[in-house]
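K.L.:
Sharing a structure with you now.
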Amino acid sequence: MTQAESQSRLSRGFLATEVAGPQEKGLARLVIAISLLGFVAAVPLVRIRLPELPAFLSAYEAALLTTDLITAVLLFSQYSRLRSWALLLLASGYLFDAMMIVPHALSFPGVFSDTGLLGAGPQTTAWLYMLWHLGFPLFVLGFALMARTEADTMTANPTRAVAGAVFAVSLLVAALTLLATVGHDLLPVVMTGGNYSLNVTKGFAPAIWLVTAIVLAVLYWRSVPTLLELWIMVVLVAWLLDVAFAAVFGANRYDFGFYSGRLYGLVAASFVLITLLVEATRLYGRLGGALALAERRNADLAQSREEFAHAQRFETIGQLVAGVAHDFNNVLTVVSGGLDMVLRDPAIGEKNQHSLEASLRVARRGERLTEQLLSFASRRELRPEILNANDVISQLEPLIAKAAGENLRVKTSLSAVIWPARFDRTQFETALLNLVSNARDAMNGTGELTIETANATLGADTFPDTLPGDYLVAKVTDTGPGMPAEVAAHAFDPFFTTKPAAKGTGLGLSQVHGFARRARGQAAIDSTPGTGTTIAIYLPRSAAQAAPPREPFALAPIQASSGGERVLVVEDNPDVLDVAVSGLAELGYRVRTASDAQAALNLLREDAGIDVLFSDVVMPGGMNGAQLAVEAQRIRPGLKVLLTSGYGASALRREHGLADNVEVLNKPYRPEELASKLRRAIGEKR
């Protein structure tokens, strides 16, 4: 932000900068009209003699002094914020007005002494009055000429400028006081006894009146006055009437005009003060609102920081989980691959076959667990397939029981006839486990939880952003305390949680909702405080039939090599390398090996007979598999490439620069998957 923009933003809402609107102008006209009506009504009475009340003069001037000083202080304060020469002149004018009251009151006969103090003569008070009433309009004239000009804004130190203004005004008042006291005999006679009609006949009072009128005209011709300029015009109108009462139409002390003029002067001094106080009240109101807004924003910022910290912890955990899952996939690749190859040997006995099949089932269950871990860490791409939700839930029951805990009763109510749906198995399993964990926490680990499936047909108005039609429904119902409507409305929001800070991330239900929406379905909450909560996942019915569940140890037929292609296997893990080499040899491929990218490139340069590059993606040595594939195809145009990794393709593209057209085989892989992917990669390149 530039200095000019900062100054402009700082000046908003001040009396000296805010443009007067129709309402303010109407109020000012009303005040002027009332003042003029009072003046017209009182003019015939100005020379009526009234009792001499010196106490009135002291009270009036004390009130006027207080009013002018407060106004000066407020205007100096505005100057210090806006750095305006015009405001400094106007504040100095009010300070001059206040300071001139002191010698005028001290020298006035009959107030503090019969002849007045300060060495006053018979002309002193009259001349102080005229100098006082001439000086203030001249300060206002300086304000009017300087305001809103290019020379108005200053960059001087405001404290020094205010101190300099106070010093200059003090010197001016002292000089004028000396002129009216010590230099009394040098001044023309304007006072005889209590009569000051010589002011008019000699032209002094009309001159003051004319100067004030000129200043008023200068302000009036401003096309768009500010609020301060508007009320200064009202002040000058009252000032004109004050001078007219006390010095033009009036002729003697203590007549009606004498008293009326001073009352008008006091009223005139009050207009700007009242407006400044109203403005101060308004600014304090704005400040209160700003502080309240700042508190709300601070609270939001604190919450955002907490959510960001949650997200950072969640990301850190995700990276750790992804790393563990990736390494575990290497282990499972060796275990599953070895078991698969042994089970394909017809020479194994029946007893050994049962043991190996049990081991393979456990290994395949481990594969499913690593998929869930990678899905949690966002390192796994979606793999939607046509599935029967009942089969998925039945296979997931052991994990559901562990997630629910020992004291939670879990029931299943699976529909006998359920429509198939196309969804990602791992994401669906993760969503169910999230719902079970959420229900367990809501019931503090005790109660009853029901998992059910059903078929449902949604109408056009069931969910505003979901297509009507047939849907598979999976529901999880708990007997917990339920949710108020305002909590249920935000339950699917990311990071929203009613749990203590260390108890939850607020991401469980958002994953459920995200999974349902990515599957072109919907997630819904039905909750009543005191009766429990039901969360339903709606997934669109598939026209195709779900494939029957395959036993995890079932061995699929393998598509062997048709031409005895030569494959370069690049893998830094020696155990995984051995499994890959054995599997490829069984498939009829001729194999060469390398433990890193540089060794692989050297082999490609030496051996022109290599047909396929089969490489791990995440490798040490500064070059990953994706980079190796690019460099290898630069050296050997037309080389077929198949990459493998414990991470999903989407994560590899995001984090390792994997090209979109490169085939990826996910670890742990089965021999039939390796064979199929190899034939696909070779076939697509032909």
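Identifiers in this document derive from the order of the structure tokens: chains are assigned A, B, ..., residues are numbered from 1 separately in each chain, and ligands are numbered from 1 in order of occurrence.
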Can you list, as an NGL selection string, every protein, DNA or RNA residue that comes within 12 Å of A:Leu172 when you count only C-alpha atoms, leaving out same-chain residues fewer than 2 positions away?
P.N.:
:A and (92-93 or 95-97 or 99-100 or 131-132 or 135 or 165-170 or 174-179)
K.L.:
Applying 12 Å and only C-alpha atoms, which residues near stretch 101-116 of chain A remain after dropping the ones on its own chain fewer than 6 positions away? List them as a PDB file with N, CA, C and O atoms, in the first residue's frame.
P.N.:
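Full text of part_14.pdb as output:
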ATOM      1  N   GLU A  52     -27.478  45.255  35.173  1.00  0.00           N
ATOM      2  CA  GLU A  52     -26.073  44.910  35.002  1.00  0.00           C
ATOM      3  C   GLU A  52     -25.756  43.651  35.812  1.00  0.00           C
ATOM      4  O   GLU A  52     -25.931  43.624  37.026  1.00  0.00           O
ATOM      5  N   LEU A  53     -25.308  42.627  35.099  1.00  0.00           N
ATOM      6  CA  LEU A  53     -24.992  41.342  35.743  1.00  0.00           C
ATOM      7  C   LEU A  53     -23.569  40.920  35.359  1.00  0.00           C
ATOM      8  O   LEU A  53     -23.364  40.146  34.417  1.00  0.00           O
ATOM      9  N   PRO A  54     -22.551  41.455  36.069  1.00  0.00           N
ATOM     10  CA  PRO A  54     -21.169  41.066  35.759  1.00  0.00           C
ATOM     11  C   PRO A  54     -20.950  39.553  35.872  1.00  0.00           C
ATOM     12  O   PRO A  54     -20.113  38.986  35.162  1.00  0.00           O
ATOM     13  N   ALA A  55     -21.733  38.913  36.760  1.00  0.00           N
ATOM     14  CA  ALA A  55     -21.581  37.455  36.907  1.00  0.00           C
ATOM     15  C   ALA A  55     -21.976  36.728  35.623  1.00  0.00           C
ATOM     16  O   ALA A  55     -21.430  35.657  35.302  1.00  0.00           O
ATOM     17  N   PHE A  56     -22.927  37.301  34.873  1.00  0.00           N
ATOM     18  CA  PHE A  56     -23.316  36.694  33.600  1.00  0.00           C
ATOM     19  C   PHE A  56     -22.119  36.654  32.660  1.00  0.00           C
ATOM     20  O   PHE A  56     -21.859  35.648  31.990  1.00  0.00           O
ATOM     21  N   LEU A  57     -21.369  37.777  32.628  1.00  0.00           N
ATOM     22  CA  LEU A  57     -20.231  37.857  31.727  1.00  0.00           C
ATOM     23  C   LEU A  57     -19.166  36.824  32.100  1.00  0.00           C
ATOM     24  O   LEU A  57     -18.614  36.137  31.236  1.00  0.00           O
ATOM     25  N   SER A  58     -18.875  36.683  33.392  1.00  0.00           N
ATOM     26  CA  SER A  58     -17.853  35.718  33.810  1.00  0.00           C
ATOM     27  C   SER A  58     -18.303  34.280  33.516  1.00  0.00           C
ATOM     28  O   SER A  58     -17.513  33.448  33.059  1.00  0.00           O
ATOM     29  N   ALA A  59     -19.595  33.986  33.753  1.00  0.00           N
ATOM     30  CA  ALA A  59     -20.100  32.635  33.473  1.00  0.00           C
ATOM     31  C   ALA A  59     -20.088  32.348  31.971  1.00  0.00           C
ATOM     32  O   ALA A  59     -19.687  31.264  31.518  1.00  0.00           O
ATOM     33  N   TYR A  60     -20.515  33.361  31.180  1.00  0.00           N
ATOM     34  CA  TYR A  60     -20.554  33.202  29.726  1.00  0.00           C
ATOM     35  C   TYR A  60     -19.160  32.951  29.172  1.00  0.00           C
ATOM     36  O   TYR A  60     -18.939  32.031  28.372  1.00  0.00           O
ATOM     37  N   GLU A  61     -18.194  33.755  29.621  1.00  0.00           N
ATOM     38  CA  GLU A  61     -16.859  33.619  29.070  1.00  0.00           C
ATOM     39  C   GLU A  61     -16.165  32.360  29.574  1.00  0.00           C
ATOM     40  O   GLU A  61     -15.355  31.773  28.856  1.00  0.00           O
ATOM     41  N   ALA A  62     -16.499  31.897  30.761  1.00  0.00           N
ATOM     42  CA  ALA A  62     -15.950  30.617  31.242  1.00  0.00           C
ATOM     43  C   ALA A  62     -16.476  29.465  30.383  1.00  0.00           C
ATOM     44  O   ALA A  62     -15.725  28.559  29.987  1.00  0.00           O
ATOM     45  N   ALA A  63     -17.798  29.497  30.077  1.00  0.00           N
ATOM     46  CA  ALA A  63     -18.382  28.459  29.228  1.00  0.00           C
ATOM     47  C   ALA A  63     -17.792  28.515  27.824  1.00  0.00           C
ATOM     48  O   ALA A  63     -17.469  27.479  27.214  1.00  0.00           O
ATOM     49  N   LEU A  64     -17.625  29.749  27.296  1.00  0.00           N
ATOM     50  CA  LEU A  64     -17.073  29.912  25.958  1.00  0.00           C
ATOM     51  C   LEU A  64     -15.623  29.441  25.907  1.00  0.00           C
ATOM     52  O   LEU A  64     -15.199  28.795  24.937  1.00  0.00           O
ATOM     53  N   LEU A  65     -14.856  29.763  26.953  1.00  0.00           N
ATOM     54  CA  LEU A  65     -13.461  29.323  27.019  1.00  0.00           C
ATOM     55  C   LEU A  65     -13.373  27.792  26.995  1.00  0.00           C
ATOM     56  O   LEU A  65     -12.581  27.212  26.244  1.00  0.00           O
ATOM     57  N   THR A  66     -14.214  27.148  27.806  1.00  0.00           N
ATOM     58  CA  THR A  66     -14.201  25.674  27.853  1.00  0.00           C
ATOM     59  C   THR A  66     -14.575  25.076  26.503  1.00  0.00           C
ATOM     60  O   THR A  66     -13.917  24.151  26.003  1.00  0.00           O
ATOM     61  N   THR A  67     -15.622  25.623  25.887  1.00  0.00           N
ATOM     62  CA  THR A  67     -16.088  25.109  24.595  1.00  0.00           C
ATOM     63  C   THR A  67     -15.019  25.257  23.526  1.00  0.00           C
ATOM     64  O   THR A  67     -14.730  24.322  22.766  1.00  0.00           O
ATOM     65  N   ASP A  68     -14.389  26.454  23.463  1.00  0.00           N
ATOM     66  CA  ASP A  68     -13.385  26.698  22.438  1.00  0.00           C
ATOM     67  C   ASP A  68     -12.135  25.837  22.649  1.00  0.00           C
ATOM     68  O   ASP A  68     -11.538  25.346  21.680  1.00  0.00           O
ATOM     69  N   LEU A  69     -11.735  25.651  23.903  1.00  0.00           N
ATOM     70  CA  LEU A  69     -10.548  24.835  24.168  1.00  0.00           C
ATOM     71  C   LEU A  69     -10.774  23.378  23.769  1.00  0.00           C
ATOM     72  O   LEU A  69      -9.913  22.740  23.150  1.00  0.00           O
ATOM     73  N   TYR A  94      -9.611  28.441  16.827  1.00  0.00           N
ATOM     74  CA  TYR A  94     -10.383  28.181  18.044  1.00  0.00           C
ATOM     75  C   TYR A  94      -9.529  28.397  19.285  1.00  0.00           C
ATOM     76  O   TYR A  94     -10.025  28.855  20.325  1.00  0.00           O
ATOM     77  N   LEU A  95      -8.231  28.072  19.197  1.00  0.00           N
ATOM     78  CA  LEU A  95      -7.346  28.336  20.328  1.00  0.00           C
ATOM     79  C   LEU A  95      -7.207  29.843  20.545  1.00  0.00           C
ATOM     80  O   LEU A  95      -7.227  30.314  21.701  1.00  0.00           O
ATOM     81  N   PRO A 122     -10.079  52.721  29.544  1.00  0.00           N
ATOM     82  CA  PRO A 122     -11.494  52.732  29.152  1.00  0.00           C
ATOM     83  C   PRO A 122     -11.738  52.111  27.774  1.00  0.00           C
ATOM     84  O   PRO A 122     -12.853  51.696  27.464  1.00  0.00           O
ATOM     85  N   GLN A 123     -10.683  52.032  26.886  1.00  0.00           N
ATOM     86  CA  GLN A 123     -10.869  51.462  25.550  1.00  0.00           C
ATOM     87  C   GLN A 123     -10.436  49.993  25.468  1.00  0.00           C
ATOM     88  O   GLN A 123     -10.685  49.339  24.459  1.00  0.00           O
ATOM     89  N   THR A 124      -9.761  49.489  26.503  1.00  0.00           N
ATOM     90  CA  THR A 124      -9.114  48.164  26.413  1.00  0.00           C
ATOM     91  C   THR A 124     -10.087  47.051  26.059  1.00  0.00           C
ATOM     92  O   THR A 124      -9.885  46.287  25.107  1.00  0.00           O
ATOM     93  N   THR A 125     -11.158  46.941  26.808  1.00  0.00           N
ATOM     94  CA  THR A 125     -12.072  45.820  26.597  1.00  0.00           C
ATOM     95  C   THR A 125     -12.727  45.881  25.230  1.00  0.00           C
ATOM     96  O   THR A 125     -12.883  44.863  24.546  1.00  0.00           O
ATOM     97  N   ALA A 126     -13.113  47.074  24.782  1.00  0.00           N
ATOM     98  CA  ALA A 126     -13.750  47.216  23.473  1.00  0.00           C
ATOM     99  C   ALA A 126     -12.795  46.793  22.360  1.00  0.00           C
ATOM    100  O   ALA A 126     -13.184  46.105  21.404  1.00  0.00           O
ATOM    101  N   TRP A 127     -11.514  47.245  22.462  1.00  0.00           N
ATOM    102  CA  TRP A 127     -10.562  46.867  21.432  1.00  0.00           C
ATOM    103  C   TRP A 127     -10.234  45.366  21.473  1.00  0.00           C
ATOM    104  O   TRP A 127     -10.072  44.738  20.426  1.00  0.00           O
ATOM    105  N   LEU A 128     -10.144  44.801  22.655  1.00  0.00           N
ATOM    106  CA  LEU A 128      -9.926  43.344  22.744  1.00  0.00           C
ATOM    107  C   LEU A 128     -11.083  42.580  22.102  1.00  0.00           C
ATOM    108  O   LEU A 128     -10.883  41.570  21.415  1.00  0.00           O
ATOM    109  N   TYR A 129     -12.302  43.099  22.300  1.00  0.00           N
ATOM    110  CA  TYR A 129     -13.476  42.456  21.705  1.00  0.00           C
ATOM    111  C   TYR A 129     -13.364  42.492  20.177  1.00  0.00           C
ATOM    112  O   TYR A 129     -13.608  41.486  19.486  1.00  0.00           O
ATOM    113  N   MET A 130     -13.015  43.685  19.622  1.00  0.00           N
ATOM    114  CA  MET A 130     -12.946  43.816  18.169  1.00  0.00           C
ATOM    115  C   MET A 130     -11.803  42.991  17.587  1.00  0.00           C
ATOM    116  O   MET A 130     -11.959  42.334  16.547  1.00  0.00           O
ATOM    117  N   LEU A 131     -10.629  43.018  18.238  1.00  0.00           N
ATOM    118  CA  LEU A 131      -9.514  42.215  17.753  1.00  0.00           C
ATOM    119  C   LEU A 131      -9.831  40.717  17.821  1.00  0.00           C
ATOM    120  O   LEU A 131      -9.456  39.941  16.933  1.00  0.00           O
ATOM    121  N   TRP A 132     -10.492  40.337  18.889  1.00  0.00           N
ATOM    122  CA  TRP A 132     -10.930  38.949  19.077  1.00  0.00           C
ATOM    123  C   TRP A 132     -11.881  38.549  17.954  1.00  0.00           C
ATOM    124  O   TRP A 132     -11.697  37.525  17.284  1.00  0.00           O
ATOM    125  N   HIS A 133     -12.919  39.370  17.696  1.00  0.00           N
ATOM    126  CA  HIS A 133     -13.938  39.022  16.711  1.00  0.00           C
ATOM    127  C   HIS A 133     -13.480  39.225  15.265  1.00  0.00           C
ATOM    128  O   HIS A 133     -14.131  38.729  14.338  1.00  0.00           O
ATOM    129  N   PHE A 136     -10.699  35.668  14.673  1.00  0.00           N
ATOM    130  CA  PHE A 136     -11.241  34.332  14.403  1.00  0.00           C
ATOM    131  C   PHE A 136     -11.673  34.171  12.944  1.00  0.00           C
ATOM    132  O   PHE A 136     -11.314  33.173  12.299  1.00  0.00           O
ATOM    133  N   SER A 170      -0.143  32.015  21.123  1.00  0.00           N
ATOM    134  CA  SER A 170       0.126  32.654  22.424  1.00  0.00           C
ATOM    135  C   SER A 170       0.833  33.991  22.237  1.00  0.00           C
ATOM    136  O   SER A 170       0.500  34.995  22.900  1.00  0.00           O
ATOM    137  N   VAL A 173      -1.752  36.531  20.872  1.00  0.00           N
ATOM    138  CA  VAL A 173      -2.671  36.999  21.914  1.00  0.00           C
ATOM    139  C   VAL A 173      -1.944  37.947  22.868  1.00  0.00           C
ATOM    140  O   VAL A 173      -2.489  38.994  23.268  1.00  0.00           O
ATOM    141  N   ALA A 174      -0.713  37.623  23.235  1.00  0.00           N
ATOM    142  CA  ALA A 174       0.060  38.500  24.123  1.00  0.00           C
ATOM    143  C   ALA A 174       0.316  39.864  23.474  1.00  0.00           C
ATOM    144  O   ALA A 174       0.200  40.917  24.128  1.00  0.00           O
ATOM    145  N   ALA A 175       0.635  39.825  22.172  1.00  0.00           N
ATOM    146  CA  ALA A 175       0.891  41.087  21.470  1.00  0.00           C
ATOM    147  C   ALA A 175      -0.367  41.944  21.402  1.00  0.00           C
ATOM    148  O   ALA A 175      -0.319  43.177  21.628  1.00  0.00           O
ATOM    149  N   LEU A 176      -1.505  41.332  21.088  1.00  0.00           N
ATOM    150  CA  LEU A 176      -2.758  42.093  21.008  1.00  0.00           C
ATOM    151  C   LEU A 176      -3.173  42.616  22.379  1.00  0.00           C
ATOM    152  O   LEU A 176      -3.716  43.728  22.507  1.00  0.00           O
ATOM    153  N   THR A 177      -2.916  41.814  23.419  1.00  0.00           N
ATOM    154  CA  THR A 177      -3.238  42.262  24.785  1.00  0.00           C
ATOM    155  C   THR A 177      -2.373  43.467  25.167  1.00  0.00           C
ATOM    156  O   THR A 177      -2.865  44.448  25.759  1.00  0.00           O
ATOM    157  N   LEU A 178      -1.086  43.404  24.827  1.00  0.00           N
ATOM    158  CA  LEU A 178      -0.203  44.551  25.101  1.00  0.00           C
ATOM    159  C   LEU A 178      -0.638  45.785  24.316  1.00  0.00           C
ATOM    160  O   LEU A 178      -0.598  46.912  24.826  1.00  0.00           O
ATOM    161  N   LEU A 179      -1.067  45.554  23.071  1.00  0.00           N
ATOM    162  CA  LEU A 179      -1.531  46.677  22.266  1.00  0.00           C
ATOM    163  C   LEU A 179      -2.743  47.354  22.897  1.00  0.00           C
ATOM    164  O   LEU A 179      -2.859  48.594  22.904  1.00  0.00           O
ATOM    165  N   ALA A 180      -3.682  46.533  23.447  1.00  0.00           N
ATOM    166  CA  ALA A 180      -4.907  47.099  24.013  1.00  0.00           C
ATOM    167  C   ALA A 180      -4.722  47.627  25.432  1.00  0.00           C
ATOM    168  O   ALA A 180      -5.606  48.328  25.946  1.00  0.00           O
ATOM    169  N   THR A 181      -3.598  47.290  26.064  1.00  0.00           N
ATOM    170  CA  THR A 181      -3.367  47.774  27.442  1.00  0.00           C
ATOM    171  C   THR A 181      -2.234  48.799  27.469  1.00  0.00           C
ATOM    172  O   THR A 181      -2.459  49.989  27.653  1.00  0.00           O
ATOM    173  N   GLY A 193     -17.710  55.890  28.309  1.00  0.00           N
ATOM    174  CA  GLY A 193     -18.499  55.325  29.399  1.00  0.00           C
ATOM    175  C   GLY A 193     -18.866  53.898  29.062  1.00  0.00           C
ATOM    176  O   GLY A 193     -18.025  53.076  28.744  1.00  0.00           O
ATOM    177  N   GLY A 194     -20.165  53.583  29.095  1.00  0.00           N
ATOM    178  CA  GLY A 194     -20.633  52.248  28.732  1.00  0.00           C
ATOM    179  C   GLY A 194     -21.168  52.199  27.328  1.00  0.00           C
ATOM    180  O   GLY A 194     -21.747  51.193  26.920  1.00  0.00           O
ATOM    181  N   ARG A 253     -23.331  48.612  27.039  1.00  0.00           N
ATOM    182  CA  ARG A 253     -23.175  47.399  27.831  1.00  0.00           C
ATOM    183  C   ARG A 253     -24.455  47.130  28.624  1.00  0.00           C
ATOM    184  O   ARG A 253     -25.113  48.053  29.096  1.00  0.00           O
ATOM    185  N   TYR A 254     -24.745  45.860  28.738  1.00  0.00           N
ATOM    186  CA  TYR A 254     -25.864  45.372  29.536  1.00  0.00           C
ATOM    187  C   TYR A 254     -27.225  45.763  28.966  1.00  0.00           C
ATOM    188  O   TYR A 254     -28.214  45.767  29.686  1.00  0.00           O
ATOM    189  N   GLY A 265     -22.972  34.119  20.445  1.00  0.00           N
ATOM    190  CA  GLY A 265     -21.571  33.716  20.365  1.00  0.00           C
ATOM    191  C   GLY A 265     -21.330  32.369  21.016  1.00  0.00           C
ATOM    192  O   GLY A 265     -20.578  31.528  20.497  1.00  0.00           O
ATOM    193  N   LEU A 266     -21.976  32.142  22.179  1.00  0.00           N
ATOM    194  CA  LEU A 266     -21.828  30.855  22.856  1.00  0.00           C
ATOM    195  C   LEU A 266     -22.432  29.728  22.036  1.00  0.00           C
ATOM    196  O   LEU A 266     -21.858  28.641  21.907  1.00  0.00           O
TER     197      LEU A 266
END
K.L.:
Stretch 461-463 of chain A: which residues within 12 Å, counting only C-alpha atoms, same-chain residues fewer than 6 positions away excluded, as a list in words?
P.N.:
Gly469, Gly521, Gln522, Ala523, Ala524 and Tyr538 of chain A
K.L.:
Atom CA of A:Leu642 and atom CA of A:Phe614, how far apart in Å?
P.N.:
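Rounded to one decimal, the two atoms are 4.9 Å apart.
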K.L.:
Please list as a ChimeraX atom specification every residue within 12 Å of stretch 472-475 of chain A, counting only C-alpha atoms and excluding residues in the same chain fewer than 2 positions away.
P.N.:
/A:387-390,392-393,411-415,417-423,428-429,431-432,435-436,439,449-458,469-470,477-478,512,516,519-526,533-542
K.L.:
Store the residues picked out above, limited to C-alpha atoms, as a compact mmCIF listing (two decimals), in the first residue's frame.
P.N.:
# COMPACT_ATOMS: atom_id res chain seq x y z
CA LEU A 387 -19.37 -54.84 -6.88
CA ASN A 388 -21.96 -56.34 -4.59
CA ALA A 389 -21.96 -54.25 -1.40
CA ASN A 390 -23.05 -57.24 0.70
CA VAL A 392 -17.67 -56.28 0.46
CA ILE A 393 -19.25 -55.76 3.89
CA LYS A 411 -25.40 -56.02 13.87
CA THR A 412 -25.71 -56.40 10.11
CA SER A 413 -28.96 -56.32 8.18
CA LEU A 414 -28.02 -56.97 4.56
CA SER A 415 -30.81 -57.05 1.98
CA VAL A 417 -31.62 -58.79 -3.07
CA ILE A 418 -29.20 -55.92 -3.55
CA TRP A 419 -28.49 -53.95 -6.71
CA PRO A 420 -24.89 -53.88 -7.97
CA ALA A 421 -23.02 -50.57 -8.06
CA ARG A 422 -19.77 -49.30 -9.52
CA PHE A 423 -17.41 -47.97 -6.85
CA PHE A 428 -16.02 -47.88 0.25
CA GLU A 429 -14.33 -49.94 2.95
CA ALA A 431 -15.91 -44.96 4.37
CA LEU A 432 -17.58 -47.76 6.31
CA LEU A 435 -18.60 -44.38 9.98
CA VAL A 436 -18.05 -47.20 12.47
CA ALA A 439 -20.34 -43.99 15.78
CA LEU A 449 -24.45 -50.22 15.88
CA THR A 450 -26.30 -51.51 12.83
CA ILE A 451 -24.97 -51.82 9.29
CA GLU A 452 -27.61 -52.41 6.67
CA THR A 453 -28.02 -52.39 2.92
CA ALA A 454 -31.11 -51.76 0.82
CA ASN A 455 -32.33 -50.64 -2.59
CA ALA A 456 -33.85 -47.18 -3.01
CA THR A 457 -35.31 -45.09 -5.80
CA LEU A 458 -34.66 -41.35 -5.48
CA GLY A 469 -33.03 -43.07 -10.25
CA ASP A 470 -32.16 -46.38 -8.59
CA THR A 477 -26.99 -46.47 12.53
CA ASP A 478 -25.92 -45.87 16.12
CA VAL A 512 -17.44 -40.43 3.41
CA ALA A 516 -20.09 -40.80 -2.32
CA ALA A 519 -19.03 -42.21 -7.16
CA ARG A 520 -21.84 -39.90 -8.44
CA GLY A 521 -23.92 -40.68 -5.40
CA GLN A 522 -24.81 -38.91 -2.18
CA ALA A 523 -24.29 -39.11 1.58
CA ALA A 524 -27.01 -38.07 4.00
CA ILE A 525 -27.42 -37.69 7.76
CA ASP A 526 -30.60 -38.39 9.71
CA THR A 533 -27.79 -41.06 14.11
CA THR A 534 -28.08 -42.77 10.74
CA ILE A 535 -25.63 -41.96 7.96
CA ALA A 536 -26.52 -43.35 4.54
CA ILE A 537 -24.35 -43.71 1.44
CA TYR A 538 -26.29 -43.75 -1.87
CA LEU A 539 -24.47 -45.26 -4.87
CA PRO A 540 -26.01 -45.36 -8.39
CA ARG A 541 -27.26 -48.75 -9.51
CA SER A 542 -25.14 -50.36 -12.22
K.L.:
Show me, as a list in words, the residues that have an atom within 12 Å of A:Ala217 when counting only C-alpha atoms, minus same-chain residues fewer than 4 positions from it.
P.N.:
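Once the nearby chain positions are removed, what remains is Pro137, Val140, Leu141, Ala144, Leu145, Leu210, Val211, Thr212, Ala213, Trp221, Arg222, Ser223, Glu229, Leu230, Ile232, Met233, Val234, Leu236 and Val237 of chain A.
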